[in-house]
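A quick write-up on the structure given underneath.
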Amino acid sequence: MSRIGNKEIIVPAGVEVKIENNFVTVKGSHGTLERQFSDLITIEQEPGKIVIKRSGNTDPEKKIHGTTRALLANMVHGVHTKFKKELEINGVGYRAQLQGKTLVVNAGYSHNFEFEIPQGITVTVPKNTLIIIEGIDKQVVGELAANIREVRKPEPYKGKGIRYIDEHVRRKEGKTAAK
């Protein structure tokens with residue numbers, strides 16, 4: 001029994017959901033998202049909410065039940081209020097800047113890293129050590145943030161690197177602390 005899959009999705013005012021043969025279109029104030037879901041799951045629209053049901057109890061149906069509900073809930077949330085990830089850059093000489101539709105990150109290597117900003121995603125750099133990524137698709141926002149963080153993960157000794165704003169980096173003592 002999927003606890004997540006059995007939860008109903010509340011559709012906020014101003015969001016329009018259209019379902020045809022498990023092809024779902026969600027339209028809101030920030031944009032439109034579309035997705036084709038599996039035929040193993042039934043998506044039913046009721047006034048002000050969406051209910052996800054499965055026809056049987058086979059393993060594939062159980063596995064995709066909660067996933068379908070989570071993906072659809074993220075679509076509804078994204079078009080109503082955008083998803084946002086904030087990255088902080090720590091380190092001497094580490095910085096980021098926007099050049100048109102490209103984000104350039106200098107993280108202490110001999111070369112810079114360039115990231116093309118996907119369609120529908122907004123990237124702002126208010127300070128050269130802060131990157132804000134916003135968009136309606138949670139997967140694309142998270143993937144771009146993870147790729148930027150992958151350039152230089154935060155290290156535990158000096159705390160240098162690229163980290164999420166709400167991420168806690170557990171610090172370690174160096175060699176001299178053992179004496």
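In the structure tokens, the first chain shown is A, the next is B, and so on; residue numbers restart at 1 for each chain, and ligands run from 1 in the order shown.
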All residues 10 Å or closer to Ala145 (chain A), only C-alpha atoms, same chain fewer than 4 positions away omitted, as an MDAnalysis selection string
chainID A and resid 84:87 131:134 139:141 149:150 162:164
Could you dump the residues just selected with N, CA and C atoms as an mmCIF file, in the first residue's frame?
data_model
loop_
_atom_site.group_PDB
_atom_site.id
_atom_site.type_symbol
_atom_site.label_atom_id
_atom_site.label_comp_id
_atom_site.auth_asym_id
_atom_site.auth_seq_id
_atom_site.Cartn_x
_atom_site.Cartn_y
_atom_site.Cartn_z
ATOM 1 N N LYS A 84 12.889 26.651 -6.664
ATOM 2 C CA LYS A 84 14.045 27.526 -6.532
ATOM 3 C C LYS A 84 15.181 26.795 -5.826
ATOM 4 N N LYS A 85 16.385 26.881 -6.373
ATOM 5 C CA LYS A 85 17.595 26.347 -5.752
ATOM 6 C C LYS A 85 18.614 27.471 -5.684
ATOM 7 N N GLU A 86 19.274 27.581 -4.529
ATOM 8 C CA GLU A 86 20.300 28.599 -4.347
ATOM 9 C C GLU A 86 21.623 27.916 -4.041
ATOM 10 N N LEU A 87 22.665 28.324 -4.740
ATOM 11 C CA LEU A 87 24.006 27.780 -4.545
ATOM 12 C C LEU A 87 24.939 28.884 -4.069
ATOM 13 N N ILE A 131 24.376 31.891 -6.671
ATOM 14 C CA ILE A 131 23.658 31.540 -7.896
ATOM 15 C C ILE A 131 22.241 31.138 -7.508
ATOM 16 N N ILE A 132 21.235 31.744 -8.142
ATOM 17 C CA ILE A 132 19.832 31.414 -7.887
ATOM 18 C C ILE A 132 19.234 30.847 -9.171
ATOM 19 N N ILE A 133 18.688 29.628 -9.068
ATOM 20 C CA ILE A 133 18.098 28.933 -10.213
ATOM 21 C C ILE A 133 16.604 28.775 -9.944
ATOM 22 N N GLU A 134 15.758 29.235 -10.879
ATOM 23 C CA GLU A 134 14.305 29.142 -10.721
ATOM 24 C C GLU A 134 13.683 28.569 -11.984
ATOM 25 N N GLN A 139 12.609 18.783 -11.928
ATOM 26 C CA GLN A 139 13.700 17.939 -12.384
ATOM 27 C C GLN A 139 14.791 18.752 -13.070
ATOM 28 N N VAL A 140 14.424 19.672 -13.936
ATOM 29 C CA VAL A 140 15.404 20.468 -14.673
ATOM 30 C C VAL A 140 16.143 21.420 -13.732
ATOM 31 N N VAL A 141 15.421 22.032 -12.791
ATOM 32 C CA VAL A 141 16.038 22.944 -11.822
ATOM 33 C C VAL A 141 17.043 22.179 -10.961
ATOM 34 N N ARG A 149 27.006 22.177 -8.869
ATOM 35 C CA ARG A 149 27.638 21.775 -7.609
ATOM 36 C C ARG A 149 28.728 20.740 -7.847
ATOM 37 N N GLU A 150 28.555 19.909 -8.863
ATOM 38 C CA GLU A 150 29.503 18.846 -9.177
ATOM 39 C C GLU A 150 30.868 19.389 -9.613
ATOM 40 N N ILE A 162 31.327 24.538 -3.896
ATOM 41 C CA ILE A 162 29.990 25.034 -4.237
ATOM 42 C C ILE A 162 28.987 24.184 -3.468
ATOM 43 N N ARG A 163 28.117 24.836 -2.693
ATOM 44 C CA ARG A 163 27.139 24.101 -1.897
ATOM 45 C C ARG A 163 25.786 24.787 -1.977
ATOM 46 N N TYR A 164 24.746 23.997 -1.648
ATOM 47 C CA TYR A 164 23.410 24.565 -1.552
ATOM 48 C C TYR A 164 23.348 25.456 -0.317
#
May I have the residues within 12 Å of Phe37 (chain A) as a PDB file with C-alpha atoms, in the first residue's frame, using only C-alpha atoms and disregarding those fewer than 4 positions away in the same chain?
ATOM      1  CA  ILE A  19      -6.207  14.642 -18.554  1.00  0.00           C
ATOM      2  CA  GLU A  20      -6.594  12.582 -21.758  1.00  0.00           C
ATOM      3  CA  ASN A  21      -5.491   8.908 -21.803  1.00  0.00           C
ATOM      4  CA  ASN A  22      -2.950   9.551 -19.009  1.00  0.00           C
ATOM      5  CA  PHE A  23      -1.459  12.483 -20.939  1.00  0.00           C
ATOM      6  CA  VAL A  24      -1.629  15.312 -18.412  1.00  0.00           C
ATOM      7  CA  THR A  25      -1.371  19.019 -19.207  1.00  0.00           C
ATOM      8  CA  ILE A  41      -2.180   3.855 -13.308  1.00  0.00           C
ATOM      9  CA  THR A  42      -5.539   5.634 -13.525  1.00  0.00           C
ATOM     10  CA  ILE A  43      -5.560   9.398 -13.026  1.00  0.00           C
ATOM     11  CA  ILE A  52      -4.212   8.495  -8.519  1.00  0.00           C
ATOM     12  CA  ILE A  64       4.842   3.375 -10.215  1.00  0.00           C
ATOM     13  CA  HIS A  65       1.904   4.432  -8.016  1.00  0.00           C
ATOM     14  CA  THR A  67       6.120   7.978  -8.394  1.00  0.00           C
ATOM     15  CA  THR A  68       3.215   9.043 -10.601  1.00  0.00           C
ATOM     16  CA  ARG A  69       1.581  10.927  -7.746  1.00  0.00           C
ATOM     17  CA  ALA A  70       4.838  12.714  -6.836  1.00  0.00           C
ATOM     18  CA  LEU A  71       5.558  13.733 -10.443  1.00  0.00           C
ATOM     19  CA  LEU A  72       2.030  15.069 -10.926  1.00  0.00           C
TER      20      LEU A  72
END
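The two atoms in question, CA of Gly28 (chain A) and CA of Ile4 (chain A), are spaced 23.5 Å apart.
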As number ranges by chain, please: all residues of region 36-163 of chain A that backbone DSSP puts in strand (DSSP E).
A: 36, 41-46, 49-54, 83-90, 95-99, 102-106, 113-116, 121-124, 130-135, 161-163
Atoms kept (N, CA and C atoms) for selection, written as a compact mmCIF listing (two decimals), in the first residue's frame:
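out36.txt was written with the following content:
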# COMPACT_ATOMS: atom_id res chain seq x y z
N GLN A 36 3.34 12.35 -20.27
CA GLN A 36 2.61 11.11 -20.52
C GLN A 36 2.93 10.15 -19.38
N ILE A 41 -1.59 2.99 -14.33
CA ILE A 41 -2.18 3.85 -13.31
C ILE A 41 -3.35 4.63 -13.92
N THR A 42 -4.39 4.84 -13.11
CA THR A 42 -5.54 5.63 -13.52
C THR A 42 -5.49 6.98 -12.82
N ILE A 43 -5.56 8.04 -13.58
CA ILE A 43 -5.56 9.40 -13.03
C ILE A 43 -6.96 9.96 -13.19
N GLU A 44 -7.60 10.28 -12.04
CA GLU A 44 -8.97 10.79 -12.07
C GLU A 44 -8.99 12.21 -11.52
N GLN A 45 -9.73 13.06 -12.22
CA GLN A 45 -9.85 14.45 -11.79
C GLN A 45 -11.21 14.66 -11.15
N GLU A 46 -11.19 15.17 -9.93
CA GLU A 46 -12.41 15.52 -9.21
C GLU A 46 -12.36 17.02 -8.96
N LYS A 49 -9.35 18.59 -6.92
CA LYS A 49 -8.31 17.62 -6.55
C LYS A 49 -8.13 16.57 -7.63
N ILE A 50 -6.99 15.86 -7.54
CA ILE A 50 -6.67 14.78 -8.46
C ILE A 50 -6.37 13.53 -7.63
N VAL A 51 -6.92 12.38 -8.06
CA VAL A 51 -6.72 11.13 -7.34
C VAL A 51 -6.01 10.15 -8.27
N ILE A 52 -4.96 9.49 -7.75
CA ILE A 52 -4.21 8.49 -8.52
C ILE A 52 -4.61 7.12 -8.00
N LYS A 53 -5.05 6.22 -8.90
CA LYS A 53 -5.46 4.88 -8.50
C LYS A 53 -4.75 3.85 -9.37
N ARG A 54 -4.58 2.66 -8.82
CA ARG A 54 -4.02 1.57 -9.60
C ARG A 54 -5.07 0.47 -9.71
N PHE A 83 9.88 26.45 -8.57
CA PHE A 83 10.90 25.80 -7.75
C PHE A 83 12.15 26.66 -7.77
N LYS A 84 12.89 26.65 -6.66
CA LYS A 84 14.04 27.53 -6.53
C LYS A 84 15.18 26.79 -5.83
N LYS A 85 16.38 26.88 -6.37
CA LYS A 85 17.60 26.35 -5.75
C LYS A 85 18.61 27.47 -5.68
N GLU A 86 19.27 27.58 -4.53
CA GLU A 86 20.30 28.60 -4.35
C GLU A 86 21.62 27.92 -4.04
N LEU A 87 22.66 28.32 -4.74
CA LEU A 87 24.01 27.78 -4.55
C LEU A 87 24.94 28.88 -4.07
N GLU A 88 25.79 28.54 -3.11
CA GLU A 88 26.77 29.48 -2.58
C GLU A 88 28.16 28.98 -2.93
N ILE A 89 29.03 29.89 -3.36
CA ILE A 89 30.39 29.54 -3.74
C ILE A 89 31.34 30.06 -2.67
N ASN A 90 32.16 29.17 -2.09
CA ASN A 90 33.14 29.54 -1.07
C ASN A 90 34.53 29.19 -1.57
N ARG A 95 34.18 32.14 -8.37
CA ARG A 95 33.10 33.07 -8.68
C ARG A 95 32.28 32.55 -9.87
N ALA A 96 31.13 33.19 -10.06
CA ALA A 96 30.25 32.85 -11.18
C ALA A 96 29.77 34.15 -11.81
N GLN A 97 29.48 34.07 -13.12
CA GLN A 97 28.92 35.23 -13.81
C GLN A 97 28.09 34.76 -14.99
N LEU A 98 27.12 35.58 -15.37
CA LEU A 98 26.27 35.28 -16.52
C LEU A 98 26.82 35.97 -17.75
N GLN A 99 26.88 35.23 -18.85
CA GLN A 99 27.25 35.81 -20.14
C GLN A 99 26.17 35.40 -21.13
N THR A 102 24.51 31.81 -20.87
CA THR A 102 25.52 30.89 -20.37
C THR A 102 25.97 31.33 -18.98
N LEU A 103 26.08 30.37 -18.08
CA LEU A 103 26.62 30.62 -16.75
C LEU A 103 28.07 30.16 -16.74
N VAL A 104 28.99 31.04 -16.38
CA VAL A 104 30.42 30.72 -16.35
C VAL A 104 30.85 30.64 -14.89
N VAL A 105 31.40 29.47 -14.50
CA VAL A 105 31.82 29.23 -13.12
C VAL A 105 33.33 29.04 -13.09
N ASN A 106 34.01 29.85 -12.27
CA ASN A 106 35.44 29.71 -12.05
C ASN A 106 35.61 29.13 -10.64
N PHE A 113 34.16 26.64 -16.23
CA PHE A 113 33.09 25.74 -16.64
C PHE A 113 31.92 26.58 -17.13
N GLU A 114 31.38 26.20 -18.29
CA GLU A 114 30.26 26.93 -18.88
C GLU A 114 29.04 26.03 -18.90
N PHE A 115 27.90 26.58 -18.45
CA PHE A 115 26.63 25.86 -18.40
C PHE A 115 25.61 26.60 -19.24
N GLU A 116 25.06 25.92 -20.24
CA GLU A 116 23.98 26.49 -21.03
C GLU A 116 22.71 26.44 -20.18
N ILE A 121 14.16 28.08 -17.71
CA ILE A 121 14.87 28.20 -16.44
C ILE A 121 15.47 29.61 -16.35
N THR A 122 15.35 30.22 -15.17
CA THR A 122 15.92 31.54 -14.94
C THR A 122 17.08 31.41 -13.96
N VAL A 123 18.24 31.89 -14.36
CA VAL A 123 19.41 31.89 -13.48
C VAL A 123 19.81 33.33 -13.24
N THR A 124 19.97 33.69 -11.96
CA THR A 124 20.43 35.02 -11.61
C THR A 124 21.66 34.89 -10.72
N LEU A 130 26.96 33.83 -5.38
CA LEU A 130 25.62 33.32 -5.15
C LEU A 130 24.92 33.09 -6.49
N ILE A 131 24.38 31.89 -6.67
CA ILE A 131 23.66 31.54 -7.90
C ILE A 131 22.24 31.14 -7.51
N ILE A 132 21.24 31.74 -8.14
CA ILE A 132 19.83 31.41 -7.89
C ILE A 132 19.23 30.85 -9.17
N ILE A 133 18.69 29.63 -9.07
CA ILE A 133 18.10 28.93 -10.21
C ILE A 133 16.60 28.77 -9.94
N GLU A 134 15.76 29.24 -10.88
CA GLU A 134 14.31 29.14 -10.72
C GLU A 134 13.68 28.57 -11.98
N GLY A 135 12.58 27.82 -11.80
CA GLY A 135 11.86 27.28 -12.94
C GLY A 135 10.65 26.48 -12.49
N GLY A 161 34.31 25.30 -1.92
CA GLY A 161 33.53 24.59 -2.92
C GLY A 161 32.19 25.25 -3.17
N ILE A 162 31.33 24.54 -3.90
CA ILE A 162 29.99 25.03 -4.24
C ILE A 162 28.99 24.18 -3.47
N ARG A 163 28.12 24.84 -2.69
CA ARG A 163 27.14 24.10 -1.90
C ARG A 163 25.79 24.79 -1.98
Residue among A:Ser38, A:Val11, A:Arg152, A:Met75 lying closest to Asn112 (chain A), counting only C-alpha atoms:
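Closest to Asn112 (chain A) of all the choices is A:Arg152.
Picture a line from CA of Val151 (chain A) to CA of Thr81 (chain A); it runs 28.5 Å.
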DSSP alpha helix (DSSP H) selection over chain A, as an MDAnalysis selection string
chainID A and resid 3:6 59:80 138:150
Restrict the selected residues to C-alpha atoms and save them as a PDB file, in the first residue's frame.
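As written to disk, result.pdb reads:
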ATOM      1  CA  ARG A   3       1.157   6.006   1.356  1.00  0.00           C
ATOM      2  CA  ILE A   4       2.336   8.659  -1.078  1.00  0.00           C
ATOM      3  CA  GLY A   5       0.291   7.274  -3.978  1.00  0.00           C
ATOM      4  CA  ASN A   6      -2.930   7.299  -1.966  1.00  0.00           C
ATOM      5  CA  ASP A  59       4.740  -5.201  -8.601  1.00  0.00           C
ATOM      6  CA  PRO A  60       5.001  -2.761 -11.538  1.00  0.00           C
ATOM      7  CA  GLU A  61       1.742  -1.065 -10.505  1.00  0.00           C
ATOM      8  CA  LYS A  62       2.874  -0.736  -6.894  1.00  0.00           C
ATOM      9  CA  LYS A  63       6.241   0.687  -7.928  1.00  0.00           C
ATOM     10  CA  ILE A  64       4.842   3.375 -10.215  1.00  0.00           C
ATOM     11  CA  HIS A  65       1.904   4.432  -8.016  1.00  0.00           C
ATOM     12  CA  GLY A  66       3.782   6.776  -5.666  1.00  0.00           C
ATOM     13  CA  THR A  67       6.120   7.978  -8.394  1.00  0.00           C
ATOM     14  CA  THR A  68       3.215   9.043 -10.601  1.00  0.00           C
ATOM     15  CA  ARG A  69       1.581  10.927  -7.746  1.00  0.00           C
ATOM     16  CA  ALA A  70       4.838  12.714  -6.836  1.00  0.00           C
ATOM     17  CA  LEU A  71       5.558  13.733 -10.443  1.00  0.00           C
ATOM     18  CA  LEU A  72       2.030  15.069 -10.926  1.00  0.00           C
ATOM     19  CA  ALA A  73       2.113  16.939  -7.592  1.00  0.00           C
ATOM     20  CA  ASN A  74       5.426  18.545  -8.617  1.00  0.00           C
ATOM     21  CA  MET A  75       3.884  19.641 -11.916  1.00  0.00           C
ATOM     22  CA  VAL A  76       0.938  21.288 -10.124  1.00  0.00           C
ATOM     23  CA  HIS A  77       3.234  22.954  -7.576  1.00  0.00           C
ATOM     24  CA  GLY A  78       5.682  24.153 -10.256  1.00  0.00           C
ATOM     25  CA  VAL A  79       3.162  25.997 -12.416  1.00  0.00           C
ATOM     26  CA  HIS A  80       1.593  27.580  -9.318  1.00  0.00           C
ATOM     27  CA  LYS A 138      11.581  20.503 -10.561  1.00  0.00           C
ATOM     28  CA  GLN A 139      13.700  17.939 -12.384  1.00  0.00           C
ATOM     29  CA  VAL A 140      15.404  20.468 -14.673  1.00  0.00           C
ATOM     30  CA  VAL A 141      16.038  22.944 -11.822  1.00  0.00           C
ATOM     31  CA  GLY A 142      17.517  20.230  -9.592  1.00  0.00           C
ATOM     32  CA  GLU A 143      19.612  18.723 -12.368  1.00  0.00           C
ATOM     33  CA  LEU A 144      21.162  22.078 -13.324  1.00  0.00           C
ATOM     34  CA  ALA A 145      21.922  22.852  -9.671  1.00  0.00           C
ATOM     35  CA  ALA A 146      23.483  19.404  -9.173  1.00  0.00           C
ATOM     36  CA  ASN A 147      25.647  19.788 -12.289  1.00  0.00           C
ATOM     37  CA  ILE A 148      26.916  23.179 -11.097  1.00  0.00           C
ATOM     38  CA  ARG A 149      27.638  21.775  -7.609  1.00  0.00           C
ATOM     39  CA  GLU A 150      29.503  18.846  -9.177  1.00  0.00           C
TER      40      GLU A 150
END
